[in-house]
file upload02.txt (compact mmCIF, C-alpha atoms)
# COMPACT_ATOMS: atom_id res chain seq x y z
CA MET A 1 96.68 57.46 162.46
CA ASN A 2 96.46 53.82 161.40
CA LYS A 3 96.13 51.67 164.52
CA ASN A 4 99.12 49.53 163.55
CA ILE A 5 101.33 52.60 163.10
CA LYS A 6 100.10 53.83 166.47
CA ALA A 7 100.91 50.46 168.06
CA LEU A 8 104.38 50.49 166.54
CA TYR A 9 104.98 54.03 167.80
CA GLU A 10 103.95 52.98 171.31
CA ILE A 11 106.21 49.93 171.18
CA ALA A 12 109.13 52.18 170.22
CA GLN A 13 108.52 54.31 173.34
CA LYS A 14 108.63 51.39 175.76
CA GLU A 15 111.54 50.98 178.16
CA THR A 16 111.48 47.22 177.54
CA ARG A 17 110.18 45.44 174.47
CA LYS A 18 109.27 41.76 174.29
CA ILE A 19 110.62 40.49 170.94
CA LEU A 20 110.51 36.93 169.61
CA GLY A 21 113.59 36.25 167.48
CA LEU A 22 113.45 33.43 164.90
CA MET A 23 116.36 31.73 163.15
CA SER A 24 116.43 28.87 160.66
CA GLY A 25 119.91 28.22 159.31
CA THR A 26 121.39 26.59 156.23
CA SER A 27 121.82 23.32 158.11
CA LEU A 28 118.00 22.98 157.92
CA ASP A 29 117.92 21.53 161.44
CA GLY A 30 114.86 23.45 162.53
CA LEU A 31 113.57 26.75 163.87
CA ASP A 32 115.14 28.50 166.88
CA LEU A 33 112.74 30.71 168.85
CA ALA A 34 114.14 33.11 171.46
CA LEU A 35 111.67 35.25 173.38
CA CYS A 36 113.70 38.23 174.54
CA GLU A 37 113.15 41.19 176.81
CA VAL A 38 115.10 43.98 175.12
CA SER A 39 115.74 47.34 176.73
CA GLY A 40 117.68 50.32 175.46
CA GLU A 41 119.23 50.57 172.00
CA GLY A 42 122.62 50.87 170.39
CA GLY A 43 125.48 50.38 172.84
CA ASN A 44 123.01 50.50 175.73
CA THR A 45 121.10 47.43 174.54
CA VAL A 46 120.39 44.84 177.22
CA VAL A 47 118.84 41.47 176.38
CA LYS A 48 117.35 38.90 178.72
CA ILE A 49 116.20 35.59 177.23
CA GLN A 50 112.82 34.80 178.71
CA GLU A 51 112.20 31.55 176.81
CA PHE A 52 114.10 29.52 174.22
CA GLU A 53 113.07 26.54 172.11
CA THR A 54 114.34 24.73 169.04
CA ILE A 55 111.71 22.94 166.97
CA ASP A 56 113.28 20.34 164.70
CA TYR A 57 112.29 20.14 161.07
CA ASN A 58 110.87 16.75 160.12
CA ASP A 59 112.08 14.91 157.02
CA ASP A 60 109.21 16.23 154.91
CA ILE A 61 110.11 19.87 155.60
CA LYS A 62 113.79 19.24 154.88
CA THR A 63 112.95 17.44 151.64
CA GLU A 64 110.74 20.24 150.35
CA ILE A 65 113.34 22.94 151.13
CA ARG A 66 116.18 20.94 149.57
CA LYS A 67 114.31 20.91 146.25
CA VAL A 68 115.26 24.59 145.89
CA PHE A 69 118.05 25.12 148.42
CA ALA A 70 121.31 26.30 146.80
CA GLN A 71 120.07 25.10 143.39
CA LYS A 72 120.53 27.15 140.23
CA THR A 73 117.75 25.32 138.40
CA ILE A 74 114.47 24.79 140.23
CA ASP A 75 110.72 24.40 139.83
CA PHE A 76 109.77 28.06 140.18
CA GLN A 77 106.21 27.25 141.28
CA HIS A 78 107.62 25.16 144.13
CA LEU A 79 109.66 28.14 145.34
CA VAL A 80 106.57 30.36 145.29
CA LEU A 81 104.55 27.78 147.21
CA LEU A 82 107.33 27.30 149.75
CA ASN A 83 107.45 31.03 150.51
CA GLU A 84 103.97 30.88 151.98
CA TRP A 85 104.23 27.31 153.32
CA ILE A 86 107.35 27.99 155.37
CA ALA A 87 105.76 31.15 156.81
CA ASP A 88 102.66 29.21 157.81
CA LEU A 89 104.80 26.49 159.40
CA HIS A 90 106.79 29.07 161.37
CA ALA A 91 103.59 30.82 162.47
CA GLY A 92 102.23 27.52 163.73
CA MET A 93 105.45 26.85 165.64
CA ILE A 94 105.26 30.33 167.17
CA ASN A 95 101.67 29.83 168.29
CA ASP A 96 102.50 26.41 169.75
CA CYS A 97 105.46 27.80 171.70
CA LEU A 98 103.52 30.74 173.08
CA ALA A 99 100.82 28.34 174.26
CA LYS A 100 103.46 26.08 175.85
CA TRP A 101 105.04 29.09 177.57
CA ASN A 102 101.62 30.37 178.72
CA ILE A 103 102.22 33.67 176.98
CA LEU A 104 99.49 35.50 175.04
CA ALA A 105 100.21 36.91 171.61
CA THR A 106 99.15 40.31 172.94
CA GLU A 107 102.08 40.16 175.40
CA VAL A 108 104.61 39.97 172.53
CA ASP A 109 105.52 43.29 170.94
CA LEU A 110 107.34 42.09 167.84
CA ILE A 111 108.43 39.01 165.91
CA ALA A 112 111.84 39.17 164.19
CA SER A 113 111.97 36.48 161.52
CA HIS A 114 115.14 35.65 159.60
CA GLY A 115 113.28 33.31 157.25
CA GLN A 116 114.83 30.35 155.43
CA THR A 117 117.75 31.06 153.11
CA VAL A 118 117.35 29.24 149.80
CA LEU A 119 120.10 30.94 147.78
CA HIS A 120 123.03 33.18 148.62
CA ALA A 121 124.64 34.71 145.52
CA PRO A 122 127.36 37.30 146.16
CA LYS A 123 128.66 38.80 142.93
CA PHE A 124 132.06 37.10 143.09
CA LEU A 125 130.24 33.74 143.05
CA HIS A 126 127.63 34.36 140.31
CA GLN A 127 130.16 36.43 138.28
CA GLN A 128 127.53 38.18 136.16
CA GLU A 129 128.71 41.74 135.69
CA LYS A 130 125.35 43.46 135.27
CA PHE A 131 123.82 41.84 138.37
CA PRO A 132 124.54 42.90 141.97
CA ASN A 133 125.04 40.83 145.13
CA ALA A 134 121.91 38.86 145.88
CA THR A 135 120.40 36.62 148.54
CA LEU A 136 116.94 35.15 149.08
CA GLN A 137 115.15 34.15 152.26
CA ILE A 138 111.62 32.75 152.14
CA GLY A 139 108.87 32.59 154.75
CA ASP A 140 106.79 35.69 154.08
CA GLY A 141 106.41 38.10 157.01
CA ASP A 142 102.83 39.07 156.19
CA HIS A 143 101.70 35.47 156.65
CA ILE A 144 103.45 35.25 160.02
CA ALA A 145 101.93 38.54 161.18
CA VAL A 146 98.40 37.58 160.12
CA LYS A 147 98.52 34.08 161.60
CA THR A 148 100.05 35.13 164.93
CA GLY A 149 98.44 38.55 165.34
CA ILE A 150 101.88 40.07 166.08
CA ILE A 151 103.73 42.82 164.20
CA THR A 152 106.52 41.05 162.31
CA LEU A 153 109.86 42.24 160.95
CA SER A 154 111.41 40.02 158.29
CA ASP A 155 113.66 39.88 155.21
CA PHE A 156 116.52 41.61 157.05
CA ARG A 157 119.23 40.81 154.53
CA GLN A 158 117.80 42.83 151.62
CA LYS A 159 118.61 46.24 153.15
CA HIS A 160 122.16 45.05 153.78
CA VAL A 161 122.51 44.18 150.07
CA ALA A 162 120.80 47.40 148.97
CA ALA A 163 123.31 49.40 151.01
CA GLY A 164 126.30 47.71 149.38
CA GLY A 165 126.81 44.60 151.52
CA GLU A 166 126.51 40.96 150.55
CA GLY A 167 123.60 40.25 152.91
CA ALA A 168 125.84 38.51 155.45
CA PRO A 169 127.17 38.00 158.02
CA LEU A 170 124.61 39.98 160.02
CA ALA A 171 125.98 38.73 163.35
CA VAL A 172 128.30 41.75 163.45
CA TYR A 173 125.51 44.09 164.57
CA GLY A 174 124.38 42.01 167.53
CA ASP A 175 127.96 41.07 168.41
CA TYR A 176 128.99 44.72 168.59
CA LEU A 177 125.93 45.95 170.47
CA LEU A 178 125.86 43.12 173.02
CA PHE A 179 129.43 41.89 173.45
CA SER A 180 131.85 44.75 172.75
CA LYS A 181 133.83 45.64 175.88
CA LYS A 182 136.36 48.39 176.54
CA GLY A 183 139.83 46.95 176.93
CA ALA A 184 138.96 43.52 175.56
CA ASN A 185 139.97 42.24 172.12
CA ARG A 186 137.34 39.68 171.18
CA ILE A 187 136.68 37.33 168.29
CA MET A 188 133.04 36.21 168.19
CA LEU A 189 133.32 32.97 166.20
CA ASN A 190 130.16 31.26 164.99
CA MET A 191 130.61 27.79 163.52
CA GLY A 192 127.31 26.73 162.00
CA GLY A 193 127.06 25.32 158.50
CA ILE A 194 129.34 28.18 157.45
CA ALA A 195 131.91 29.76 159.78
CA ASN A 196 132.02 33.50 160.37
CA PHE A 197 133.52 35.76 162.98
CA THR A 198 133.31 39.33 164.23
CA TYR A 199 136.40 41.15 165.48
CA LEU A 200 135.51 43.45 168.38
CA PRO A 201 138.37 45.86 169.19
CA ALA A 202 139.35 46.82 172.72
CA SER A 203 138.76 50.46 171.69
CA GLN A 204 135.02 49.76 171.14
CA ASN A 205 135.33 51.91 168.02
CA ALA A 206 132.64 50.68 165.62
CA GLU A 207 134.71 51.77 162.63
CA GLU A 208 137.37 49.20 163.57
CA VAL A 209 134.91 46.31 163.80
CA PHE A 210 135.44 43.62 161.17
CA VAL A 211 133.30 40.66 160.06
CA THR A 212 133.66 37.93 157.46
CA ASP A 213 132.73 34.40 156.54
CA THR A 214 135.74 32.10 156.51
CA GLY A 215 134.29 29.13 154.62
CA THR A 216 132.77 25.84 155.64
CA ALA A 217 132.39 24.83 159.29
CA ASN A 218 129.96 21.91 159.58
CA THR A 219 128.35 21.86 156.12
CA LEU A 220 130.73 19.48 154.39
CA ILE A 221 131.18 17.30 157.47
CA ASP A 222 127.40 16.91 157.76
CA ILE A 223 126.91 16.19 154.04
CA PHE A 224 129.42 13.34 153.98
CA THR A 225 128.45 11.96 157.38
CA LYS A 226 124.94 11.51 155.99
CA GLN A 227 126.31 9.98 152.79
CA PHE A 228 128.35 7.33 154.60
CA PHE A 229 125.96 6.86 157.52
CA PRO A 230 122.34 7.65 156.46
CA GLU A 231 121.13 7.17 160.02
CA LYS A 232 123.36 10.00 161.29
CA SER A 233 122.76 13.71 160.67
CA PHE A 234 126.22 14.79 161.89
CA ASP A 235 129.47 13.41 163.29
CA LYS A 236 128.60 13.64 166.97
CA ASP A 237 131.61 14.52 169.12
CA ALA A 238 133.76 13.94 166.00
CA GLU A 239 133.71 10.22 166.82
CA ILE A 240 134.21 9.21 163.18
CA ALA A 241 136.73 11.93 162.28
CA LYS A 242 138.85 11.19 165.37
CA SER A 243 139.40 7.64 164.10
CA GLY A 244 140.69 8.87 160.73
CA THR A 245 143.85 10.47 159.36
CA VAL A 246 143.97 13.80 157.53
CA ASN A 247 144.78 13.34 153.83
CA GLN A 248 147.18 16.21 153.20
CA GLU A 249 146.93 15.96 149.41
CA LEU A 250 143.15 16.30 149.53
CA LEU A 251 143.36 19.08 152.11
CA SER A 252 145.69 21.07 149.87
CA GLU A 253 143.44 20.57 146.85
CA LEU A 254 140.34 21.77 148.73
CA LYS A 255 142.19 24.81 150.09
CA SER A 256 143.34 25.75 146.58
CA ASP A 257 139.80 26.90 145.69
CA ALA A 258 139.62 30.54 144.60
CA PHE A 259 137.32 31.39 147.51
CA PHE A 260 140.17 30.99 149.99
CA GLN A 261 142.37 33.35 147.96
CA LYS A 262 139.65 36.02 147.74
CA SER A 263 140.26 39.10 149.88
CA PHE A 264 138.35 39.68 153.11
CA PRO A 265 135.55 40.36 153.91
CA LYS A 266 133.60 37.74 151.98
CA THR A 267 130.49 35.59 152.31
CA ILE A 268 129.59 32.14 151.04
CA GLY A 269 127.19 29.22 151.46
CA GLN A 270 126.38 25.75 150.19
CA GLU A 271 126.24 27.23 146.71
CA LEU A 272 130.00 26.50 146.74
CA PHE A 273 130.60 24.19 149.69
CA ASN A 274 128.53 21.20 148.65
CA HIS A 275 128.81 17.57 147.60
CA ASP A 276 130.29 18.47 144.18
CA PHE A 277 132.99 20.67 145.75
CA VAL A 278 134.52 17.65 147.49
CA ASN A 279 133.71 15.02 144.87
CA SER A 280 135.47 16.93 142.11
CA ALA A 281 138.63 17.03 144.25
CA LEU A 282 138.35 13.30 145.03
CA VAL A 283 138.01 12.46 141.33
CA LYS A 284 140.91 14.73 140.36
CA LEU A 285 143.18 13.03 142.91
CA GLY A 286 141.87 9.49 142.35
CA LEU A 287 140.66 9.26 145.94
CA GLN A 288 137.10 8.08 145.31
CA ASN A 289 137.68 5.14 147.69
CA ILE A 290 138.85 7.26 150.63
CA SER A 291 137.51 5.93 153.92
CA ALA A 292 134.78 7.77 155.79
CA PRO A 293 137.01 8.47 158.85
CA ASP A 294 139.83 9.86 156.68
CA LEU A 295 137.47 12.05 154.65
CA LEU A 296 135.71 13.44 157.73
CA ALA A 297 139.05 14.05 159.45
CA THR A 298 140.24 15.96 156.39
CA LEU A 299 137.03 18.02 156.18
CA THR A 300 137.22 18.84 159.88
CA ARG A 301 140.83 19.94 159.44
CA LEU A 302 139.78 22.05 156.43
CA SER A 303 137.33 23.94 158.63
CA ALA A 304 139.83 24.42 161.44
CA GLU A 305 142.69 25.62 159.22
CA THR A 306 140.62 28.05 157.13
CA ILE A 307 139.00 29.53 160.24
CA ALA A 308 142.38 29.94 161.95
CA GLU A 309 144.03 31.45 158.87
CA ALA A 310 141.25 34.03 158.53
CA VAL A 311 141.46 34.96 162.21
CA LEU A 312 145.25 35.32 162.03
CA PHE A 313 144.99 37.54 158.96
CA VAL A 314 142.66 39.94 160.76
CA VAL A 315 144.64 39.83 164.02
CA GLU A 316 147.91 40.63 162.22
CA ASN A 317 146.30 43.76 160.73
CA THR A 318 145.37 44.99 164.22
CA LYS A 319 149.05 45.00 165.32
CA THR A 320 147.90 43.32 168.55
CA PRO A 321 149.45 39.99 169.60
CA ILE A 322 147.13 37.00 169.18
CA GLU A 323 147.76 36.13 172.84
CA GLU A 324 145.76 39.25 173.84
CA PHE A 325 142.60 37.97 172.11
CA THR A 326 139.81 35.77 173.38
CA VAL A 327 137.81 33.66 170.93
CA TYR A 328 134.17 33.13 171.96
CA MET A 329 132.70 30.13 170.16
CA SER A 330 129.09 29.38 169.24
CA GLY A 331 127.30 27.10 166.78
CA GLY A 332 127.54 23.36 166.28
CA GLY A 333 131.29 23.52 165.66
CA ALA A 334 131.81 24.65 169.25
CA ARG A 335 130.62 21.17 170.27
CA ASN A 336 133.03 19.41 167.91
CA PRO A 337 135.99 18.50 170.17
CA LEU A 338 138.35 17.75 167.27
CA MET A 339 137.67 21.05 165.51
CA VAL A 340 138.08 22.95 168.77
CA LYS A 341 141.31 21.07 169.61
CA TRP A 342 142.83 21.95 166.26
CA LEU A 343 141.73 25.58 166.54
CA GLN A 344 143.39 25.84 169.93
CA GLU A 345 146.61 24.42 168.47
CA LEU A 346 146.52 26.84 165.53
CA LEU A 347 145.61 29.95 167.54
CA SER A 348 147.58 30.69 170.70
CA CYS A 349 144.84 32.64 172.46
CA LYS A 350 142.16 32.02 175.04
CA PHE A 351 139.00 30.14 174.02
CA GLU A 352 135.58 30.31 175.66
CA LYS A 353 132.04 29.30 174.80
CA SER A 354 129.99 32.42 174.02
CA ASP A 355 127.61 31.33 176.80
CA VAL A 356 129.96 32.87 179.38
CA LEU A 357 128.93 36.31 178.07
CA GLY A 358 125.34 35.73 179.18
CA ILE A 359 123.69 34.62 175.93
CA SER A 360 123.35 30.93 175.16
CA GLY A 361 125.32 29.96 172.05
CA ASP A 362 122.34 27.93 170.84
CA ALA A 363 120.07 30.98 171.09
CA LYS A 364 122.60 33.56 169.90
CA GLU A 365 121.50 33.86 166.25
CA ALA A 366 117.80 34.07 167.12
CA VAL A 367 118.63 36.74 169.71
CA LEU A 368 120.54 38.65 167.02
CA PHE A 369 117.38 39.16 165.00
CA ALA A 370 115.49 40.35 168.06
CA VAL A 371 118.27 42.94 168.49
CA LEU A 372 118.07 43.96 164.82
CA ALA A 373 114.30 44.42 165.12
CA ASN A 374 114.79 46.49 168.26
CA GLU A 375 117.24 48.77 166.42
CA THR A 376 114.83 49.22 163.49
CA VAL A 377 111.96 50.22 165.76
CA ALA A 378 113.75 52.09 168.54
CA GLY A 379 117.41 52.69 167.64
CA GLY A 380 119.67 52.71 164.62
CA ASN A 381 122.20 55.08 166.20
CA TYR A 382 125.41 53.24 165.31
CA ASN A 383 128.04 54.09 162.74
CA PHE A 384 130.43 51.55 161.26
CA GLY A 385 131.91 54.18 158.98
CA SER A 386 132.48 53.40 155.33
CA GLN A 387 133.80 49.90 155.85
CA LYS A 388 133.07 47.49 153.06
CA GLY A 389 130.60 44.84 154.17
CA ILE A 390 129.13 46.61 157.23
CA PRO A 391 126.62 49.23 156.09
CA SER A 392 125.26 51.37 158.93
CA VAL A 393 121.59 50.70 158.26
CA THR A 394 118.56 49.38 160.09
CA MET A 395 117.05 46.26 158.59
CA GLY A 396 113.77 44.40 158.32
CA LYS A 397 110.48 44.89 156.50
CA ILE A 398 107.52 45.52 158.78
CA SER A 399 104.32 43.48 158.41
CA PHE A 400 101.12 44.30 160.28
CA PRO A 401 98.63 41.62 161.38
CA ASP A 402 95.58 43.39 159.88
call {"tool": "encode", "arguments": {"input": "upload02.txt", "output": "structure tokens"}}
result
Amino acid sequence: MNKNIKALYEIAQKETRKILGLMSGTSLDGLDLALCEVSGEGGNTVVKIQEFETIDYNDDIKTEIRKVFAQKTIDFQHLVLLNEWIADLHAGMINDCLAKWNILATEVDLIASHGQTVLHAPKFLHQQEKFPNATLQIGDGDHIAVKTGIITLSDFRQKHVAAGGEGAPLAVYGDYLLFSKKGANRIMLNMGGIANFTYLPASQNAEEVFVTDTGTANTLIDIFTKQFFPEKSFDKDAEIAKSGTVNQELLSELKSDAFFQKSFPKTIGQELFNHDFVNSALVKLGLQNISAPDLLATLTRLSAETIAEAVLFVVENTKTPIEEFTVYMSGGGARNPLMVKWLQELLSCKFEKSDVLGISGDAKEAVLFAVLANETVAGGNYNFGSQKGIPSVTMGKISFPD
């Protein structure tokens, strides 16, 4: 037997596996690293976060990624070079963190790397009949495995697409395995660049679980904060938006986009929600001179309303009163007091930070990939039925260090 296959087999037999989950989102803020102790599998999965770190991307890294990120026309050589370069950067960050934590590479069983999304192209968006749903994450797993000496699982989204999904949101798997509770109706709401949520039914029946993107959360707010205030990367504490007034005409125009009329579930990214998405509406309405506070207030309201409308749609289909639900928030939007205030006004249910469930909201997405890797190696015994958008598959390509 190949020694790497033997090592993987032995890892699968362990009661507890030490898995390093990696997440780099579409906001391009940096790399989240969550070193997890994972025991069990399926509904018996238990995760303890041993260490967590976020390493910010410097301006050079962000600039290089943005040359291809969500662009239809690119320098193809640059994309190829980035695939290896990002992997090498992530491997270096892993090695630095392990050294800081005084943990040897030999003590880590697996790395679970999400990679860096550069294009998300569900079929409804690209609208080319002969081509399927597609998504691309770079940061090759072989390079990470070789440079860290640790077995690496990567490229999780491709199996999801191959099995009929759109490659997102993948949070549903970790949400169900870690946070589903008998007797509790839960909405696990993640507000990163894009907002998505998982509905976890009180029945704990996996076939009733539902997940979807809702649209933009922080993406548009961040883009226009940077445009008006180059020294700021986001509207901290909604300080700018709180001083503005929502422009109802602009809000209605933005909400008239076909994406918001598309049936659930659905996925999206900055391929739609970008600078041009807002600018075209401003030009159409003659609002090119709108103030920064008014624009950011309107974009924040856009996020809140479209999230709330999606949640209400799903809740109404459950025949359970909204008052019997709890929304658990994570992502940068959970720290936006104006967005949260509006969500609370629009949804008459209880709100909590996801941290109260035992997993830090900042670490939640990185932990998810550790859970997915654990299922691929030692589990995979869940069944979401034939629901569109949630294929019952294990995910992640396996790369050996030698």
call {"tool": "residues_around", "arguments": {"input": "upload02.txt", "residues": "Ile11 (chain A)", "least_positions_apart": "5", "cutoff": "10 Å", "atoms": "all atoms listed in the file", "output": "VMD selection string"}}
result
chain A and resid 5 to 6 16 to 18 109 to 110 374 377 to 378
call {"tool": "closest_residue", "arguments": {"input": "upload02.txt", "among": "A:Leu200, A:Ala163, A:Ala70, A:Leu295", "to": "Pro391 (chain A)", "atoms": "all atoms listed in the file"}}
result
A:Ala163
call {"tool": "residues_near_point", "arguments": {"input": "upload02.txt", "point": "(130.4, 29.6, 145.2)", "cutoff": "10 Å", "atoms": "only C-alpha atoms", "output": "number ranges by chain"}}
result
A: 70, 120-127, 257-259, 267-274, 277
call {"tool": "closest_atom_pairs", "arguments": {"input": "upload02.txt", "of": "region 94-162 of chain A", "to": "region 37-57 of chain A", "cutoff": "12 Å", "atoms": "all atoms listed in the file", "output": "CSV"}}
result
residue,atom,partner,partner_atom,distance
A:Ile94,CA,A:Ile55,CA,9.8
A:Asp96,CA,A:Ile55,CA,10.2
A:Cys97,CA,A:Glu53,CA,7.7
A:Leu98,CA,A:Glu51,CA,9.5
A:Lys100,CA,A:Glu53,CA,10.3
A:Trp101,CA,A:Glu51,CA,7.6
A:Asn102,CA,A:Glu51,CA,10.8
A:Ile103,CA,A:Glu51,CA,10.2
A:Glu107,CA,A:Glu37,CA,11.2
A:Val108,CA,A:Glu37,CA,9.6
A:Asp109,CA,A:Glu37,CA,9.9
A:Leu110,CA,A:Glu37,CA,10.7
A:Gln116,CA,A:Tyr57,CA,11.9
call {"tool": "residues_near_point", "arguments": {"input": "upload02.txt", "point": "(142.6, 30.6, 178.3)", "cutoff": "10 Å", "atoms": "all atoms listed in the file", "output": "list in words"}}
result
Glu323, Phe325, Thr326, Val327, Gln344, Ser348, Cys349, Lys350, Phe351 and Glu352 of chain A
call {"tool": "closest_residue", "arguments": {"input": "upload02.txt", "among": "A:Ala171, A:Ile187, A:Ala292, A:Leu33", "to": "Ala308 (chain A)", "atoms": "all atoms listed in the file"}}
result
A:Ile187
call {"tool": "atom_distance", "arguments": {"input": "upload02.txt", "atom1": "CA of Lys226 (chain A)", "atom2": "CA of Asn279 (chain A)"}}
result
14.6 Å
call {"tool": "closest_residue", "arguments": {"input": "upload02.txt", "among": "A:Lys364, A:Gly165, A:Glu253, A:Ser113", "to": "Pro132 (chain A)", "atoms": "all atoms listed in the file"}}
result
A:Gly165
call {"tool": "closest_residue", "arguments": {"input": "upload02.txt", "among": "A:Gln227, A:Val209, A:Asp222, A:Leu20", "to": "Asn383 (chain A)", "atoms": "only C-alpha atoms"}}
result
A:Val209
call {"tool": "atom_distance", "arguments": {"input": "upload02.txt", "atom1": "CA of Lys3 (chain A)", "atom2": "CA of Ile111 (chain A)"}}
result
17.7 Å
call {"tool": "atom_distance", "arguments": {"input": "upload02.txt", "atom1": "CA of Ile150 (chain A)", "atom2": "CA of Ala34 (chain A)"}}
result
15.1 Å
call {"tool": "residues_around", "arguments": {"input": "upload02.txt", "residues": "region 392-401 of chain A", "least_positions_apart": "5", "cutoff": "9 Å", "atoms": "only C-alpha atoms", "output": "PyMOL selection string"}}
result
chain A and resi 4-5+112-114+141-160+163+372-373+375-377+379-386
call {"tool": "write_last_selection", "arguments": {"input": "upload02.txt", "atoms": "C-alpha atoms", "output": "PDB file, in the frame of the given file"}}
result
ATOM      1  CA  ASN A   4      99.120  49.530 163.550  1.00  0.00           C
ATOM      2  CA  ILE A   5     101.330  52.600 163.100  1.00  0.00           C
ATOM      3  CA  ALA A 112     111.840  39.170 164.190  1.00  0.00           C
ATOM      4  CA  SER A 113     111.970  36.480 161.520  1.00  0.00           C
ATOM      5  CA  HIS A 114     115.140  35.650 159.600  1.00  0.00           C
ATOM      6  CA  GLY A 141     106.410  38.100 157.010  1.00  0.00           C
ATOM      7  CA  ASP A 142     102.830  39.070 156.190  1.00  0.00           C
ATOM      8  CA  HIS A 143     101.700  35.470 156.650  1.00  0.00           C
ATOM      9  CA  ILE A 144     103.450  35.250 160.020  1.00  0.00           C
ATOM     10  CA  ALA A 145     101.930  38.540 161.180  1.00  0.00           C
ATOM     11  CA  VAL A 146      98.400  37.580 160.120  1.00  0.00           C
ATOM     12  CA  LYS A 147      98.520  34.080 161.600  1.00  0.00           C
ATOM     13  CA  THR A 148     100.050  35.130 164.930  1.00  0.00           C
ATOM     14  CA  GLY A 149      98.440  38.550 165.340  1.00  0.00           C
ATOM     15  CA  ILE A 150     101.880  40.070 166.080  1.00  0.00           C
ATOM     16  CA  ILE A 151     103.730  42.820 164.200  1.00  0.00           C
ATOM     17  CA  THR A 152     106.520  41.050 162.310  1.00  0.00           C
ATOM     18  CA  LEU A 153     109.860  42.240 160.950  1.00  0.00           C
ATOM     19  CA  SER A 154     111.410  40.020 158.290  1.00  0.00           C
ATOM     20  CA  ASP A 155     113.660  39.880 155.210  1.00  0.00           C
ATOM     21  CA  PHE A 156     116.520  41.610 157.050  1.00  0.00           C
ATOM     22  CA  ARG A 157     119.230  40.810 154.530  1.00  0.00           C
ATOM     23  CA  GLN A 158     117.800  42.830 151.620  1.00  0.00           C
ATOM     24  CA  LYS A 159     118.610  46.240 153.150  1.00  0.00           C
ATOM     25  CA  HIS A 160     122.160  45.050 153.780  1.00  0.00           C
ATOM     26  CA  ALA A 163     123.310  49.400 151.010  1.00  0.00           C
ATOM     27  CA  LEU A 372     118.070  43.960 164.820  1.00  0.00           C
ATOM     28  CA  ALA A 373     114.300  44.420 165.120  1.00  0.00           C
ATOM     29  CA  GLU A 375     117.240  48.770 166.420  1.00  0.00           C
ATOM     30  CA  THR A 376     114.830  49.220 163.490  1.00  0.00           C
ATOM     31  CA  VAL A 377     111.960  50.220 165.760  1.00  0.00           C
ATOM     32  CA  GLY A 379     117.410  52.690 167.640  1.00  0.00           C
ATOM     33  CA  GLY A 380     119.670  52.710 164.620  1.00  0.00           C
ATOM     34  CA  ASN A 381     122.200  55.080 166.200  1.00  0.00           C
ATOM     35  CA  TYR A 382     125.410  53.240 165.310  1.00  0.00           C
ATOM     36  CA  ASN A 383     128.040  54.090 162.740  1.00  0.00           C
ATOM     37  CA  PHE A 384     130.430  51.550 161.260  1.00  0.00           C
ATOM     38  CA  GLY A 385     131.910  54.180 158.980  1.00  0.00           C
ATOM     39  CA  SER A 386     132.480  53.400 155.330  1.00  0.00           C
TER      40      SER A 386
END
call {"tool": "residues_around", "arguments": {"input": "upload02.txt", "residues": "Glu324 (chain A)", "least_positions_apart": "3", "cutoff": "8 Å", "atoms": "all atoms listed in the file", "output": "list in words"}}
result
Asn185, Thr320, Pro321 and Cys349 of chain A
